[in-house]
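Shown below: input_1.txt, with compact mmCIF, N, CA and C atoms.
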# COMPACT_ATOMS: atom_id res chain seq x y z
N MET A 17 80.14 142.13 -123.54
CA MET A 17 80.13 141.35 -122.33
C MET A 17 80.36 142.28 -121.15
N ALA A 18 79.58 142.13 -120.12
CA ALA A 18 79.72 142.96 -118.93
C ALA A 18 80.93 142.53 -118.11
N HIS A 19 81.55 143.52 -117.53
CA HIS A 19 82.70 143.26 -116.67
C HIS A 19 82.22 142.74 -115.32
N SER A 20 82.81 141.65 -114.86
CA SER A 20 82.49 141.18 -113.51
C SER A 20 83.70 141.45 -112.62
N PRO A 21 83.50 142.09 -111.51
CA PRO A 21 84.62 142.47 -110.66
C PRO A 21 85.36 141.25 -110.10
N GLU A 22 86.65 141.41 -109.99
CA GLU A 22 87.48 140.35 -109.43
C GLU A 22 87.37 140.39 -107.92
N ARG A 23 87.25 139.23 -107.31
CA ARG A 23 87.19 139.13 -105.86
C ARG A 23 88.58 138.77 -105.35
N PRO A 24 89.09 139.48 -104.38
CA PRO A 24 90.41 139.16 -103.85
C PRO A 24 90.39 137.82 -103.11
N GLU A 25 91.53 137.18 -103.06
CA GLU A 25 91.68 135.96 -102.28
C GLU A 25 91.57 136.33 -100.81
N LEU A 26 90.90 135.51 -100.03
CA LEU A 26 90.77 135.74 -98.60
C LEU A 26 91.64 134.73 -97.85
N TYR A 27 92.21 135.17 -96.73
CA TYR A 27 93.08 134.33 -95.91
C TYR A 27 92.58 134.36 -94.47
N VAL A 28 92.59 133.18 -93.82
CA VAL A 28 92.13 133.04 -92.45
C VAL A 28 93.35 132.82 -91.56
N CYS A 29 93.41 133.57 -90.45
CA CYS A 29 94.49 133.37 -89.48
C CYS A 29 94.30 132.00 -88.85
N GLY A 30 95.35 131.20 -88.84
CA GLY A 30 95.28 129.85 -88.29
C GLY A 30 95.07 129.81 -86.79
N ASP A 31 95.31 130.92 -86.09
CA ASP A 31 95.16 130.93 -84.64
C ASP A 31 93.83 131.54 -84.19
N CYS A 32 93.53 132.75 -84.63
CA CYS A 32 92.33 133.43 -84.10
C CYS A 32 91.17 133.49 -85.11
N GLN A 33 91.37 133.01 -86.31
CA GLN A 33 90.35 132.89 -87.35
C GLN A 33 89.84 134.22 -87.89
N ILE A 34 90.60 135.29 -87.74
CA ILE A 34 90.26 136.57 -88.38
C ILE A 34 90.52 136.42 -89.88
N VAL A 35 89.67 137.01 -90.71
CA VAL A 35 89.80 136.89 -92.16
C VAL A 35 90.37 138.19 -92.73
N TYR A 36 91.36 138.04 -93.62
CA TYR A 36 92.01 139.17 -94.28
C TYR A 36 91.86 139.04 -95.78
N ALA A 37 91.71 140.18 -96.45
CA ALA A 37 91.77 140.20 -97.91
C ALA A 37 93.25 140.20 -98.29
N GLY A 38 93.59 139.39 -99.28
CA GLY A 38 94.98 139.32 -99.72
C GLY A 38 95.45 140.60 -100.37
N THR A 39 96.76 140.79 -100.36
CA THR A 39 97.39 141.94 -100.99
C THR A 39 97.81 141.55 -102.40
N VAL A 40 97.59 142.44 -103.36
CA VAL A 40 97.99 142.15 -104.74
C VAL A 40 99.52 142.04 -104.79
N ALA A 41 99.99 140.88 -105.23
CA ALA A 41 101.42 140.63 -105.32
C ALA A 41 101.92 140.74 -106.76
N GLU A 42 101.03 140.49 -107.71
CA GLU A 42 101.43 140.48 -109.12
C GLU A 42 100.23 140.75 -110.01
N HIS A 43 100.43 141.52 -111.06
CA HIS A 43 99.41 141.78 -112.07
C HIS A 43 99.72 140.89 -113.27
N MET A 44 98.75 140.09 -113.68
CA MET A 44 98.93 139.19 -114.82
C MET A 44 98.56 139.91 -116.12
N GLU A 45 99.10 139.43 -117.24
CA GLU A 45 98.77 140.02 -118.54
C GLU A 45 97.28 139.92 -118.85
N SER A 46 96.63 138.89 -118.31
CA SER A 46 95.20 138.68 -118.56
C SER A 46 94.33 139.71 -117.83
N GLY A 47 94.96 140.50 -116.95
CA GLY A 47 94.22 141.47 -116.17
C GLY A 47 93.89 140.96 -114.77
N ASP A 48 94.11 139.67 -114.54
CA ASP A 48 93.88 139.10 -113.21
C ASP A 48 95.04 139.47 -112.30
N HIS A 49 94.90 139.12 -111.03
CA HIS A 49 95.92 139.43 -110.03
C HIS A 49 96.28 138.18 -109.25
N VAL A 50 97.48 138.17 -108.72
CA VAL A 50 97.94 137.13 -107.80
C VAL A 50 97.99 137.79 -106.43
N TYR A 51 97.40 137.12 -105.45
CA TYR A 51 97.32 137.68 -104.10
C TYR A 51 98.24 136.93 -103.15
N GLU A 52 98.66 137.63 -102.09
CA GLU A 52 99.45 136.97 -101.06
C GLU A 52 98.83 137.31 -99.70
N SER A 53 99.07 136.41 -98.74
CA SER A 53 98.53 136.60 -97.40
C SER A 53 99.35 137.64 -96.65
N PRO A 54 98.79 138.15 -95.56
CA PRO A 54 99.58 139.05 -94.71
C PRO A 54 100.77 138.30 -94.12
N THR A 55 101.74 139.01 -93.64
CA THR A 55 102.89 138.35 -93.02
C THR A 55 102.64 138.06 -91.55
N GLU A 56 101.76 138.87 -90.94
CA GLU A 56 101.48 138.69 -89.51
C GLU A 56 100.05 139.15 -89.21
N CYS A 57 99.36 138.42 -88.37
CA CYS A 57 98.00 138.78 -87.97
C CYS A 57 98.07 140.00 -87.06
N GLU A 58 97.28 141.02 -87.38
CA GLU A 58 97.26 142.24 -86.59
C GLU A 58 96.58 142.05 -85.23
N VAL A 59 95.82 140.97 -85.08
CA VAL A 59 95.09 140.73 -83.84
C VAL A 59 95.93 139.93 -82.85
N CYS A 60 96.48 138.80 -83.30
CA CYS A 60 97.17 137.90 -82.37
C CYS A 60 98.65 137.73 -82.64
N GLY A 61 99.14 138.24 -83.77
CA GLY A 61 100.56 138.15 -84.09
C GLY A 61 100.99 136.86 -84.77
N ALA A 62 100.06 135.96 -85.05
CA ALA A 62 100.39 134.70 -85.70
C ALA A 62 100.86 134.92 -87.13
N THR A 63 101.58 133.96 -87.68
CA THR A 63 102.06 134.06 -89.06
C THR A 63 101.53 132.93 -89.93
N ASP A 64 100.63 132.10 -89.40
CA ASP A 64 100.06 130.97 -90.13
C ASP A 64 98.71 131.39 -90.72
N PHE A 65 98.64 131.45 -92.06
CA PHE A 65 97.41 131.81 -92.75
C PHE A 65 97.02 130.70 -93.72
N VAL A 66 95.72 130.50 -93.87
CA VAL A 66 95.18 129.48 -94.76
C VAL A 66 94.25 130.17 -95.74
N GLU A 67 94.32 129.79 -97.03
CA GLU A 67 93.38 130.35 -97.99
C GLU A 67 91.97 129.99 -97.56
N ASN A 68 91.06 130.95 -97.68
CA ASN A 68 89.68 130.76 -97.26
C ASN A 68 89.08 129.50 -97.89
N SER A 69 89.37 129.24 -99.15
CA SER A 69 88.80 128.06 -99.83
C SER A 69 89.32 126.76 -99.23
N GLN A 70 90.46 126.79 -98.54
CA GLN A 70 91.04 125.60 -97.92
C GLN A 70 90.74 125.49 -96.43
N TRP A 71 90.09 126.50 -95.87
CA TRP A 71 89.83 126.52 -94.43
C TRP A 71 89.08 125.28 -93.93
N PRO A 72 88.04 124.81 -94.63
CA PRO A 72 87.33 123.62 -94.13
C PRO A 72 88.21 122.37 -94.03
N HIS A 73 89.33 122.36 -94.76
CA HIS A 73 90.23 121.20 -94.77
C HIS A 73 91.43 121.40 -93.86
N HIS A 74 91.51 122.56 -93.21
CA HIS A 74 92.66 122.90 -92.36
C HIS A 74 92.57 122.18 -91.02
N HIS A 75 93.65 121.53 -90.64
CA HIS A 75 93.71 120.84 -89.35
C HIS A 75 94.96 121.32 -88.62
N ASP A 76 94.81 121.63 -87.35
CA ASP A 76 95.96 122.04 -86.53
C ASP A 76 96.80 120.83 -86.18
Take the structure I supplied and represent it as structure tokens, if you would.
Amino acid sequence: MAHSPERPELYVCGDCQIVYAGTVAEHMESGDHVYESPTECEVCGATDFVENSQWPHHHD
């Protein structure tokens, strides 16, 4: 079976909508990873991040 690369979780800044790749927070025994959002947006300084998959459902 061919290896398919793992895609990191993406996080959207709740204020300026810049997208960040998550940081690996934990390595699972299965070889997968757990990702976490940044602590602060480098563009606007906000601390509110939403998982990319949840962005369409995000309401301010």
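Take CA of Pro24 (chain A) and atom C of Ala37 (chain A): the distance between them is 6.3 Å.
In this model, the gap between CA of Gln70 (chain A) and CA of Glu42 (chain A) comes to 21.3 Å.
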Item checked: Selection near Cys29 (chain A), 6 Å with only N, CA and C atoms, sequence-local residues under 3 positions removed, as a list of chain:residue names -> A:Cys32, A:Gln33, A:Ile34, A:Val35, A:Tyr36, A:Asp64, A:Phe65, A:Val66
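Counting from CA of His74 (chain A), the distance to CA of Asp48 (chain A) is 26.4 Å.
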Next item on the list: Per DSSP on the backbone, filter chain A down to the residues in strand (DSSP E) and report them as a PyMOL selection string.
Entry: chain A and resi 26-29+35-37+39-43+49-52+65-67
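Residues in contact with Val50 (chain A) at up to 6 Å, not including ones fewer than 2 positions away on its chain and judged by only N, CA and C atoms, are Thr39, Val40, Ala41, Glu42, His43, Met44, Asp48 and Glu52 of chain A.
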Next item on the list: Run DSSP on the backbone and give me the residues of chain A it puts in helix (DSSP H, G or I), as a PyMOL selection string.
Entry: chain A and resi 68-73
Serialized selection, N, CA and C atoms, as a CSV table (one decimal), in the frame of the given file:
chain,number,residue,atom,x,y,z
A,68,ASN,N,91.1,131.0,-97.7
A,68,ASN,CA,89.7,130.8,-97.3
A,68,ASN,C,89.1,129.5,-97.9
A,69,SER,N,89.4,129.2,-99.2
A,69,SER,CA,88.8,128.1,-99.8
A,69,SER,C,89.3,126.8,-99.2
A,70,GLN,N,90.5,126.8,-98.5
A,70,GLN,CA,91.0,125.6,-97.9
A,70,GLN,C,90.7,125.5,-96.4
A,71,TRP,N,90.1,126.5,-95.9
A,71,TRP,CA,89.8,126.5,-94.4
A,71,TRP,C,89.1,125.3,-93.9
A,72,PRO,N,88.0,124.8,-94.6
A,72,PRO,CA,87.3,123.6,-94.1
A,72,PRO,C,88.2,122.4,-94.0
A,73,HIS,N,89.3,122.4,-94.8
A,73,HIS,CA,90.2,121.2,-94.8
A,73,HIS,C,91.4,121.4,-93.9
Checklist line | Which of A:Gly38, A:Gly30, A:Pro72, A:Gly47 sits closest to Cys60 (chain A) [using only C-alpha atoms] | finding: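 The answer is A:Gly30, which sits nearest to Cys60 (chain A).
Closest approach to Asp31 (chain A) among A:Ser69, A:Tyr51, A:Ala62, A:Glu45 is made by A:Ala62 (distances from all atoms listed in the file).
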Check: Using only N, CA and C atoms, which residue out of A:Ser53, A:Glu58, A:Glu22, A:Val28 lies closest to Trp71 (chain A)?
Finding: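 Ranked by minimum distance to Trp71 (chain A), first place goes to A:Val28.
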